[in-house]
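Next up, final_10.cif (mmCIF, C-alpha atoms and all ligand atoms):
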```cif
data_protein
#
loop_
_atom_site.label_atom_id
_atom_site.label_comp_id
_atom_site.auth_asym_id
_atom_site.auth_seq_id
_atom_site.Cartn_x
_atom_site.Cartn_y
_atom_site.Cartn_z
CA MET A 1 -26.36 14.20 -9.58
CA SER A 2 -27.68 14.60 -6.01
CA LYS A 3 -26.73 17.91 -4.37
CA THR A 4 -27.58 16.92 -0.82
CA ILE A 5 -23.90 16.54 -0.06
CA LYS A 6 -22.42 20.02 0.18
CA ARG A 7 -19.27 19.50 2.24
CA ILE A 8 -16.81 16.62 2.00
CA ALA A 9 -13.85 15.93 4.28
CA VAL A 10 -10.77 13.97 3.17
CA LEU A 11 -8.12 12.30 5.30
CA THR A 12 -5.16 9.94 4.97
CA SER A 13 -4.61 7.26 7.58
CA GLY A 14 -2.33 4.30 8.31
CA GLY A 15 1.01 3.83 6.54
CA ASP A 16 1.56 6.50 3.90
CA SER A 17 2.06 5.60 0.26
CA PRO A 18 3.19 7.48 -2.86
CA GLY A 19 0.12 8.83 -4.65
CA MET A 20 -1.76 9.90 -1.52
CA ASN A 21 -1.08 13.58 -2.25
CA ALA A 22 -2.28 13.11 -5.82
CA ALA A 23 -5.48 11.50 -4.49
CA ILE A 24 -6.12 14.36 -2.02
CA ARG A 25 -5.63 16.79 -4.90
CA ALA A 26 -8.13 14.87 -7.01
CA VAL A 27 -10.72 14.83 -4.21
CA VAL A 28 -10.31 18.57 -3.56
CA ARG A 29 -10.48 19.50 -7.23
CA THR A 30 -13.47 17.27 -7.95
CA CYS A 31 -15.29 19.00 -5.10
CA ALA A 32 -14.35 22.38 -6.60
CA TYR A 33 -15.54 21.22 -10.02
CA HIS A 34 -18.94 20.28 -8.58
CA GLU A 35 -19.02 23.48 -6.52
CA ILE A 36 -19.08 21.84 -3.14
CA GLU A 37 -16.79 22.55 -0.21
CA CYS A 38 -13.87 20.33 0.74
CA PHE A 39 -12.04 20.07 4.06
CA GLY A 40 -8.67 18.46 4.60
CA VAL A 41 -8.37 16.59 7.91
CA TYR A 42 -4.87 16.51 9.40
CA ARG A 43 -3.34 13.35 10.97
CA GLY A 44 -6.06 10.93 9.91
CA TYR A 45 -8.65 9.90 12.49
CA GLU A 46 -6.66 11.71 15.23
CA GLY A 47 -7.39 15.00 13.49
CA LEU A 48 -11.01 13.99 12.98
CA ILE A 49 -11.42 13.51 16.73
CA GLU A 50 -9.76 16.86 17.45
CA GLY A 51 -11.57 18.76 14.67
CA ASP A 52 -8.25 19.57 13.01
CA PHE A 53 -9.80 20.48 9.63
CA GLU A 54 -8.87 23.06 7.05
CA LYS A 55 -10.94 24.28 4.13
CA MET A 56 -9.26 23.40 0.84
CA THR A 57 -9.66 25.12 -2.48
CA ALA A 58 -8.39 23.95 -5.86
CA ARG A 59 -5.31 26.11 -5.25
CA SER A 60 -4.58 24.57 -1.81
CA VAL A 61 -3.43 21.43 -3.60
CA LYS A 62 -1.18 22.96 -6.25
CA GLY A 63 2.26 21.48 -6.78
CA ILE A 64 1.63 18.22 -4.89
CA ILE A 65 0.79 15.67 -7.57
CA ASN A 66 4.48 14.76 -7.80
CA LYS A 67 5.19 14.63 -4.05
CA GLY A 68 5.53 11.44 -2.01
CA GLY A 69 4.01 11.11 1.47
CA THR A 70 0.86 12.97 2.44
CA PHE A 71 0.76 16.68 3.25
CA LEU A 72 -2.31 16.02 5.43
CA LYS A 73 -0.06 13.70 7.50
CA SER A 74 -1.05 10.24 8.61
CA ALA A 75 -1.51 8.45 11.92
CA ARG A 76 -2.75 5.16 13.32
CA SER A 77 -5.31 6.38 15.85
CA LYS A 78 -5.93 4.26 18.95
CA GLU A 79 -8.71 6.56 20.14
CA PHE A 80 -10.75 6.13 16.96
CA ARG A 81 -10.89 2.41 17.76
CA THR A 82 -13.03 3.29 20.79
CA LYS A 83 -16.72 4.24 20.68
CA GLU A 84 -15.94 7.42 22.66
CA GLY A 85 -13.32 8.45 20.11
CA ARG A 86 -15.70 7.92 17.21
CA GLU A 87 -18.44 9.87 19.01
CA LYS A 88 -16.05 12.82 19.37
CA ALA A 89 -15.17 12.60 15.67
CA PHE A 90 -18.85 12.53 14.68
CA ALA A 91 -19.56 15.59 16.86
CA LYS A 92 -16.70 17.49 15.17
CA LEU A 93 -18.02 16.63 11.70
CA VAL A 94 -21.55 17.71 12.62
CA GLU A 95 -20.21 20.94 14.13
CA ALA A 96 -18.40 21.72 10.86
CA ASN A 97 -21.51 20.82 8.80
CA ILE A 98 -19.59 18.14 6.93
CA ASP A 99 -21.79 15.63 5.09
CA ALA A 100 -19.40 12.91 3.93
CA LEU A 101 -15.87 11.57 4.36
CA VAL A 102 -13.29 10.23 1.91
CA ALA A 103 -10.76 8.02 3.74
CA ILE A 104 -7.51 7.21 1.95
CA GLY A 105 -5.57 4.27 3.40
CA GLY A 106 -5.48 0.52 3.85
CA ASP A 107 -7.59 -2.07 5.64
CA GLY A 108 -7.28 -0.44 9.10
CA THR A 109 -8.48 2.86 7.64
CA PHE A 110 -11.41 1.14 5.93
CA THR A 111 -12.36 -0.80 9.06
CA GLY A 112 -12.59 2.52 10.94
CA ALA A 113 -14.63 4.13 8.15
CA MET A 114 -17.02 1.18 7.94
CA ILE A 115 -17.69 1.06 11.69
CA PHE A 116 -18.16 4.85 11.69
CA ASN A 117 -20.72 4.52 8.92
CA GLN A 118 -22.55 1.71 10.72
CA GLU A 119 -22.69 3.62 14.01
CA PHE A 120 -23.69 7.07 12.77
CA GLY A 121 -24.99 6.50 9.23
CA PHE A 122 -22.31 8.93 8.09
CA PRO A 123 -21.52 8.62 4.34
CA VAL A 124 -18.00 7.31 3.74
CA MET A 125 -15.97 6.37 0.65
CA GLY A 126 -12.56 4.64 0.69
CA ILE A 127 -9.58 5.12 -1.61
CA PRO A 128 -7.05 2.25 -1.28
CA GLY A 129 -3.65 3.74 -0.49
CA THR A 130 -0.97 1.28 0.57
CA ILE A 131 2.20 -0.06 -1.02
CA ASP A 132 1.25 -3.63 -0.04
CA ASN A 133 -1.49 -4.13 -2.69
CA ASP A 134 -3.37 -6.26 -0.17
CA ILE A 135 -6.90 -4.92 -0.74
CA VAL A 136 -9.61 -6.85 -2.56
CA GLY A 137 -11.59 -4.86 -5.16
CA THR A 138 -8.69 -3.26 -6.99
CA THR A 139 -5.87 -4.74 -9.01
CA HIS A 140 -3.63 -1.89 -7.82
CA THR A 141 -3.58 0.08 -4.59
CA LEU A 142 -2.08 3.57 -4.65
CA GLY A 143 1.66 3.45 -4.17
CA PHE A 144 2.16 -0.18 -5.16
CA ASP A 145 3.54 0.66 -8.60
CA THR A 146 5.88 3.34 -7.23
CA ALA A 147 7.11 1.01 -4.49
CA LEU A 148 7.83 -1.67 -7.11
CA ASN A 149 9.93 0.78 -9.11
CA THR A 150 11.80 1.83 -5.96
CA VAL A 151 12.52 -1.80 -5.05
CA VAL A 152 13.62 -2.72 -8.56
CA ASP A 153 15.96 0.26 -8.60
CA ALA A 154 17.44 -0.92 -5.27
CA ILE A 155 17.81 -4.52 -6.51
CA ASP A 156 19.61 -3.28 -9.64
CA LYS A 157 22.09 -1.45 -7.44
CA ILE A 158 22.57 -4.39 -5.09
CA ARG A 159 23.10 -6.61 -8.14
CA ASP A 160 26.06 -4.43 -9.19
CA THR A 161 27.88 -4.91 -5.92
CA ALA A 162 26.77 -8.57 -5.57
CA SER A 163 28.28 -9.39 -8.91
CA SER A 164 31.52 -7.44 -8.28
CA HIS A 165 32.13 -9.45 -5.10
CA ASN A 166 30.58 -12.80 -6.09
CA ARG A 167 28.15 -12.50 -3.21
CA LEU A 168 24.76 -13.85 -2.23
CA PHE A 169 22.35 -11.14 -1.04
CA PHE A 170 19.18 -11.67 0.90
CA VAL A 171 17.05 -8.58 0.28
CA GLU A 172 14.02 -8.00 2.49
CA VAL A 173 11.08 -6.06 1.07
CA MET A 174 7.86 -4.80 2.68
CA GLY A 175 4.35 -6.09 2.08
CA ARG A 176 3.13 -6.97 5.55
CA ASP A 177 1.41 -10.40 5.18
CA VAL A 178 1.45 -10.60 1.38
CA GLY A 179 4.09 -11.15 -1.27
CA HIS A 180 2.97 -8.89 -4.12
CA ILE A 181 5.92 -6.51 -3.86
CA ALA A 182 8.39 -9.39 -3.48
CA LEU A 183 7.07 -11.42 -6.41
CA ASN A 184 6.73 -8.58 -8.91
CA ALA A 185 9.93 -6.74 -7.99
CA GLY A 186 11.78 -10.05 -7.72
CA ILE A 187 10.91 -10.99 -11.29
CA ALA A 188 11.71 -7.49 -12.57
CA GLY A 189 15.02 -7.46 -10.69
CA GLY A 190 16.02 -10.92 -11.95
CA ALA A 191 16.09 -12.50 -8.48
CA GLU A 192 17.31 -16.09 -8.28
CA GLU A 193 14.71 -16.95 -5.64
CA ILE A 194 11.68 -15.18 -4.15
CA LEU A 195 10.31 -16.06 -0.72
CA ILE A 196 6.69 -15.04 -0.16
CA PRO A 197 4.15 -15.75 2.61
CA GLU A 198 1.64 -17.32 0.20
CA GLU A 199 4.01 -20.18 -0.77
CA ASP A 200 6.19 -21.81 1.85
CA LEU A 201 9.21 -22.76 -0.17
CA GLY A 202 10.89 -24.61 2.69
CA MET A 203 14.59 -24.51 3.52
CA ASP A 204 15.41 -27.62 1.49
CA ARG A 205 14.20 -26.08 -1.73
CA LEU A 206 16.05 -22.87 -1.02
CA VAL A 207 19.27 -24.82 -0.50
CA ASP A 208 18.65 -26.86 -3.67
CA SER A 209 18.00 -23.71 -5.61
CA LEU A 210 21.19 -22.03 -4.38
CA ASN A 211 23.20 -25.15 -5.23
CA ARG A 212 21.62 -25.32 -8.68
CA SER A 213 22.44 -21.66 -9.30
CA ARG A 214 26.05 -22.25 -8.35
CA LYS A 215 26.35 -25.37 -10.55
CA SER A 216 24.84 -23.52 -13.50
CA GLY A 217 27.73 -21.08 -13.35
CA LYS A 218 26.23 -18.18 -11.44
CA THR A 219 28.74 -16.37 -9.28
CA SER A 220 26.33 -14.08 -7.46
CA SER A 221 22.71 -14.44 -6.38
CA ILE A 222 19.87 -12.32 -5.11
CA VAL A 223 17.12 -13.81 -2.97
CA ILE A 224 14.13 -11.54 -2.32
CA VAL A 225 12.45 -12.17 1.02
CA ALA A 226 8.98 -10.74 1.71
CA GLU A 227 8.82 -9.44 5.28
CA GLY A 228 5.84 -11.71 6.02
CA ASP A 229 7.51 -14.83 4.61
CA LYS A 230 6.75 -18.04 6.50
CA ILE A 231 9.91 -20.06 5.86
CA GLY A 232 10.48 -20.00 9.62
CA LYS A 233 13.68 -17.97 9.67
CA ASN A 234 14.06 -14.22 9.54
CA ILE A 235 16.45 -12.73 7.01
CA PHE A 236 19.41 -12.66 9.43
CA GLU A 237 18.79 -16.28 10.42
CA LEU A 238 18.74 -17.16 6.71
CA LYS A 239 22.18 -15.62 6.36
CA ASP A 240 23.44 -17.55 9.42
CA PHE A 241 21.96 -20.76 8.03
CA VAL A 242 23.76 -20.38 4.70
CA ASP A 243 27.00 -19.36 6.45
CA GLU A 244 26.82 -22.53 8.57
CA ASN A 245 25.50 -25.03 6.05
CA LEU A 246 26.67 -24.04 2.60
CA GLU A 247 30.32 -23.70 1.80
CA GLY A 248 31.87 -20.92 -0.18
CA TYR A 249 29.09 -18.38 0.03
CA ASP A 250 29.84 -14.80 0.99
CA VAL A 251 26.44 -13.66 2.24
CA ARG A 252 25.08 -10.17 2.91
CA VAL A 253 21.69 -8.92 4.05
CA SER A 254 19.92 -5.79 2.91
CA VAL A 255 16.64 -4.70 4.51
CA LEU A 256 15.13 -2.02 2.27
CA GLY A 257 12.67 -0.74 4.90
CA HIS A 258 10.76 2.52 4.75
CA MET A 259 12.52 3.92 1.70
CA GLN A 260 9.96 1.75 -0.16
CA ARG A 261 7.16 4.03 1.03
CA GLY A 262 8.77 7.29 -0.10
CA GLY A 263 9.54 9.11 -3.30
CA ALA A 264 7.67 10.76 -6.12
CA PRO A 265 4.70 8.70 -7.32
CA SER A 266 5.04 6.99 -10.69
CA CYS A 267 2.98 8.11 -13.70
CA PHE A 268 0.72 5.09 -13.13
CA ASP A 269 0.05 6.05 -9.49
CA ARG A 270 -0.62 9.69 -10.36
CA VAL A 271 -3.19 8.74 -12.98
CA LEU A 272 -4.74 6.11 -10.70
CA ALA A 273 -4.96 8.61 -7.81
CA SER A 274 -6.64 11.18 -10.05
CA ARG A 275 -9.19 8.65 -11.30
CA MET A 276 -9.89 7.35 -7.80
CA GLY A 277 -10.39 10.85 -6.39
CA VAL A 278 -12.92 11.75 -9.08
CA LYS A 279 -14.79 8.46 -8.67
CA ALA A 280 -14.87 8.75 -4.85
CA VAL A 281 -16.39 12.24 -4.81
CA GLU A 282 -18.83 11.60 -7.66
CA SER A 283 -20.01 8.35 -6.06
CA LEU A 284 -20.76 10.18 -2.80
CA LEU A 285 -22.65 12.84 -4.76
CA GLU A 286 -24.68 10.05 -6.37
CA GLY A 287 -25.72 8.95 -2.86
CA LYS A 288 -23.40 5.91 -2.65
CA THR A 289 -21.77 5.18 0.68
CA ASN A 290 -19.66 2.55 2.47
CA TYR A 291 -17.75 1.60 -0.67
CA MET A 292 -14.15 1.62 -1.81
CA VAL A 293 -13.17 2.79 -5.29
CA GLY A 294 -10.85 0.48 -7.19
CA LEU A 295 -9.38 -0.41 -10.54
CA LEU A 296 -10.92 -3.56 -12.06
CA ASN A 297 -10.53 -4.51 -15.74
CA SER A 298 -9.13 -1.02 -16.42
CA LYS A 299 -12.31 0.64 -15.10
CA MET A 300 -13.14 2.46 -11.86
CA GLU A 301 -15.47 0.23 -9.85
CA LEU A 302 -16.99 0.27 -6.36
CA THR A 303 -16.58 -2.56 -3.84
CA PRO A 304 -18.36 -2.62 -0.45
CA LEU A 305 -15.85 -1.71 2.28
CA GLU A 306 -16.67 -4.91 4.14
CA LYS A 307 -15.71 -7.05 1.14
CA ALA A 308 -12.52 -5.04 0.58
CA ILE A 309 -11.44 -5.56 4.19
CA LYS A 310 -12.45 -9.17 4.68
CA GLY A 311 -11.26 -10.52 1.34
CA LYS A 312 -7.79 -11.91 0.81
CA THR A 313 -5.84 -10.97 -2.28
CA LYS A 314 -4.48 -13.90 -4.29
CA ILE A 315 -0.97 -14.32 -5.52
CA ASN A 316 -0.69 -14.59 -9.29
CA LEU A 317 0.30 -18.24 -9.87
CA GLU A 318 1.44 -17.50 -13.41
CA LEU A 319 3.97 -15.03 -11.97
CA LEU A 320 5.24 -17.72 -9.61
CA ARG A 321 5.82 -20.03 -12.56
CA VAL A 322 7.50 -17.29 -14.57
CA SER A 323 9.80 -16.60 -11.65
CA ASP A 324 10.68 -20.32 -11.43
CA ILE A 325 11.47 -20.52 -15.12
CA MET A 326 13.49 -17.29 -15.11
CA SER A 327 15.74 -18.50 -12.31
CA THR A 328 16.88 -21.50 -14.37
O1 LIG B 1 1.30 -1.22 5.16
C1 LIG B 1 2.42 -0.56 4.69
C2 LIG B 1 3.65 -0.98 5.45
O2 LIG B 1 4.75 -0.25 4.96
C3 LIG B 1 3.94 -2.49 5.44
O3 LIG B 1 4.53 -2.89 4.22
C4 LIG B 1 4.81 -2.63 6.64
O4 LIG B 1 4.69 -3.94 7.17
C5 LIG B 1 4.25 -1.62 7.61
O5 LIG B 1 3.52 -0.67 6.83
C6 LIG B 1 5.28 -0.89 8.42
O6 LIG B 1 4.61 -0.06 9.30
P1 LIG B 1 5.33 1.07 10.19
O7 LIG B 1 5.52 2.27 9.33
O8 LIG B 1 4.37 1.31 11.29
O9 LIG B 1 6.65 0.51 10.61
#
```
Represent the structure contained in this file as structure tokens.
Ligand code: F6P
Amino acid sequence: MSKTIKRIAVLTSGGDSPGMNAAIRAVVRTCAYHEIECFGVYRGYEGLIEGDFEKMTARSVKGIINKGGTFLKSARSKEFRTKEGREKAFAKLVEANIDALVAIGGDGTFTGAMIFNQEFGFPVMGIPGTIDNDIVGTTHTLGFDTALNTVVDAIDKIRDTASSHNRLFFVEVMGRDVGHIALNAGIAGGAEEILIPEEDLGMDRLVDSLNRSRKSGKTSSIVIVAEGDKIGKNIFELKDFVDENLEGYDVRVSVLGHMQRGGAPSCFDRVLASRMGVKAVESLLEGKTNYMVGLLNSKMELTPLEKAIKGKTKINLELLRVSDIMST
């Protein structure tokens, strides 16, 4: 293993996700294992620009594998999007004798890392941390599994009250422009209908589906709406539409919001974070740069950052069919 890299910095950037702390821990401990120094950067690229670094030892990351959020904090830095901002960040890294950077985050984080690498030849490695699961090159991003469990738990609870009052609930879930959270959590929560950006269901089919549900004897219904859904109406307009056009429905709306990003990471996310942290550091030590680590066919694999950013994740069509059949 190459020993030219002696000091690695790690940061979290963009929207936080459960498992980020576990990934920082894995990066720090892998550095300690290989007897190289590790620096935690606070507040993502903002902290990089300001030189807000702290040396981390294996003990600095004790007791965090089970904690949601990121103790390094996260930010969406406007300054890092400018050449001047990136020059400042590079100067701070050089000043601290840091040789490589692990960036944990989503596509915005990776875009920043990739441009930084192109401009200064600085070695970078990405770890995909976002609840949205919208990154190509990994079947699971960090936090996706935990977010699914959080959403399913919420749907179960909403189901209790929906069924007590014979109500129809529209439940909005996160996911930015993709429907992975909606589709998976919708199936697991037994949703009657799932609206996702990848498939425009159309209002007619939604109305048909609600009517079918009613005729089949259902007294309550749950419709999961991905926040990026393209049906043309937001969740409150959907409620108004049903109130105005379908008789006998008592409709409520529940927007789950940022609770989906919090909480203790699941077992799956903790293991994934640990594997990704080890792979990220060891890949840098092997001289690899400008990649993202990911889970593909149960193995840790590298994908060029550019491919990870530019690619579009696909919705699982089999899941769509399963959801259709289950709502019969
Ligand atoms: O990317 C994660 C995510 O939680 C998305 O699901 C959501 O669209 C967005 O971030 C919300 O961002 P903010 O925290 O800036 O409101």
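Considering all atoms listed in the file, the residues that reside within 7 Å of ligand LIG 1 (chain B) can be listed as Gly15, Thr130, Ile131, Asp132, Met174, Gly175, Arg176, His258 and Arg261 of chain A.
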Distance query A:Gly248 at most 12 Å, all atoms listed in the file, self and fewer than 3 positions along chain excluded, as a list in words: Asn166, Arg167, Leu168, Leu210, Asn211, Arg214, Thr219, Ser220, Val242, Asp243, Glu244, Asn245 and Val251 of chain A
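As for atom CA of A:Gly47 and atom CA of A:Asn97, they are spaced 16.0 Å apart.
Distance annotation: of A:Ala264, A:Ala154, A:Val253, A:Val136, the residue with the minimal separation from A:Lys67 is A:Ala264; atom set is all atoms listed in the file.
For the pair atom CA of A:Phe120 and atom CA of A:Ala273, the interatomic distance is 27.9 Å.
Using all atoms listed in the file for every distance, the candidate list A:Ala32, A:Leu11, A:Ile65, A:Ile181 yields A:Leu11 as the residue closest to A:Tyr45.
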